[in-house]
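Undergrad: One structure, pasted below without further comment.
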Amino acid sequence: MNANDAMKFPLRALLMMTLTFAISAAAQDMHTSSQFQGPKANKGHVTHSTRDGKSVLTLSDDFVVPDTPDPHWQVVDSDGQVYLLDKLKKKALLGDKYQKEIVLPSYVKNVSKVIIWCAWAEANLGEASFSSPVH
């Protein structure tokens with residue numbers, strides 16, 4: 001074993017430890033809600049994460065968009081304040097496509113609950129809660 005080979009092993013070990021800590025830190029910054037419960041939205045859950053300093057909500061792959069006229073993202077904060085956000089289905093997204101994730105506006109201080117809201121019928125289609133408010 002020469003000097004170059006002897007130096008590669010500690011450097012690789014240090015790199016692996018750094019990656020492990022980075023992945024662990026990223027995983028700690030994610031929160032998963034309960035399963036959606038409701039008359040039309042009752043599959044899947046939502047995950048909260050922070051990317052580039054912004055709060056992001058992402059629907060799970062098993063979430064099924066309700067077949068209703070105007071489903072929207074709606075969130076409730078820890079004080080019970082309700083925020084109607086963006087549509088799930090956009091005109092630019094054709095077919096079965098939908099807005100799977102949303103960046104929360106800065107005025108939403110935290111999220112306790114995510115609701116899939118039909119703006120046309122003004123009805124709660126289903127909701128999922130976090131065990132504690134996410135920021």
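Residue numbering restarts at 1 in every chain; chains get A, B, ... in the order shown in the structure tokens, and ligands count up from 1 in that same order.
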Name all residues at most 9 Å from Val64 (chain A) (count only C-alpha atoms; drop same-chain ones fewer than 3 positions away) and give them as a VMD selection string.

TA: chain A and resid 40 to 44 61 67

Undergrad: May I have the residues within 8 Å of Gln99 (chain A) as a PDB file with all heavy atoms, in the first residue's frame, using only C-alpha atoms and disregarding those fewer than 6 positions away in the same chain?

TA:
```pdb
ATOM      1  N   LYS A  87     -55.386  26.283  -6.591  1.00  0.00           N
ATOM      2  CA  LYS A  87     -56.138  25.142  -7.135  1.00  0.00           C
ATOM      3  C   LYS A  87     -55.236  23.916  -7.230  1.00  0.00           C
ATOM      4  O   LYS A  87     -54.041  24.032  -7.459  1.00  0.00           O
ATOM      5  CB  LYS A  87     -56.624  25.467  -8.551  1.00  0.00           C
ATOM      6  CG  LYS A  87     -57.657  26.537  -8.624  1.00  0.00           C
ATOM      7  CD  LYS A  87     -58.072  26.741 -10.074  1.00  0.00           C
ATOM      8  CE  LYS A  87     -59.187  27.760 -10.139  1.00  0.00           C
ATOM      9  NZ  LYS A  87     -60.040  27.556 -11.279  1.00  0.00           N
ATOM     10  N   LEU A  88     -55.848  22.746  -7.081  1.00  0.00           N
ATOM     11  CA  LEU A  88     -55.104  21.504  -7.310  1.00  0.00           C
ATOM     12  C   LEU A  88     -54.924  21.258  -8.807  1.00  0.00           C
ATOM     13  O   LEU A  88     -53.882  20.797  -9.246  1.00  0.00           O
ATOM     14  CB  LEU A  88     -55.840  20.309  -6.703  1.00  0.00           C
ATOM     15  CG  LEU A  88     -55.591  20.021  -5.238  1.00  0.00           C
ATOM     16  CD1 LEU A  88     -56.445  18.858  -4.773  1.00  0.00           C
ATOM     17  CD2 LEU A  88     -54.147  19.745  -4.955  1.00  0.00           C
ATOM     18  N   LYS A  89     -55.957  21.547  -9.565  1.00  0.00           N
ATOM     19  CA  LYS A  89     -55.901  21.333 -11.013  1.00  0.00           C
ATOM     20  C   LYS A  89     -55.740  22.686 -11.701  1.00  0.00           C
ATOM     21  O   LYS A  89     -56.504  23.606 -11.463  1.00  0.00           O
ATOM     22  CB  LYS A  89     -57.172  20.664 -11.516  1.00  0.00           C
ATOM     23  CG  LYS A  89     -57.378  19.265 -10.997  1.00  0.00           C
ATOM     24  CD  LYS A  89     -58.660  18.681 -11.549  1.00  0.00           C
ATOM     25  CE  LYS A  89     -58.911  17.285 -11.056  1.00  0.00           C
ATOM     26  NZ  LYS A  89     -60.147  16.719 -11.598  1.00  0.00           N
ATOM     27  N   LYS A  90     -54.741  22.765 -12.578  1.00  0.00           N
ATOM     28  CA  LYS A  90     -54.474  23.992 -13.322  1.00  0.00           C
ATOM     29  C   LYS A  90     -54.783  23.748 -14.792  1.00  0.00           C
ATOM     30  O   LYS A  90     -54.643  22.634 -15.281  1.00  0.00           O
ATOM     31  CB  LYS A  90     -52.999  24.388 -13.185  1.00  0.00           C
ATOM     32  CG  LYS A  90     -52.551  24.649 -11.780  1.00  0.00           C
ATOM     33  CD  LYS A  90     -52.824  26.063 -11.443  1.00  0.00           C
ATOM     34  CE  LYS A  90     -52.084  26.426 -10.176  1.00  0.00           C
ATOM     35  NZ  LYS A  90     -51.899  27.805 -10.021  1.00  0.00           N
TER      36      LYS A  90
END
```

Undergrad: May I ask for the distance between CA of Val76 (chain A) and CA of Val134 (chain A), given in Å to one decimal place?

TA: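 If I compute the distance from CA of Val76 (chain A) to CA of Val134 (chain A), I get 10.9 Å.
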
Undergrad: Go through A:Val108, A:Trp120, A:Lys100, A:Leu84 and flag the residue nearest Val46 (chain A), using only C-alpha atoms for the distances.

TA: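 Selected residue with least distance to Val46 (chain A): A:Lys100.
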
Undergrad: I'd like the interatomic distance between CA of Ala123 (chain A) and CA of Ser49 (chain A), to a tenth of an Å.

TA: 27.0 Å
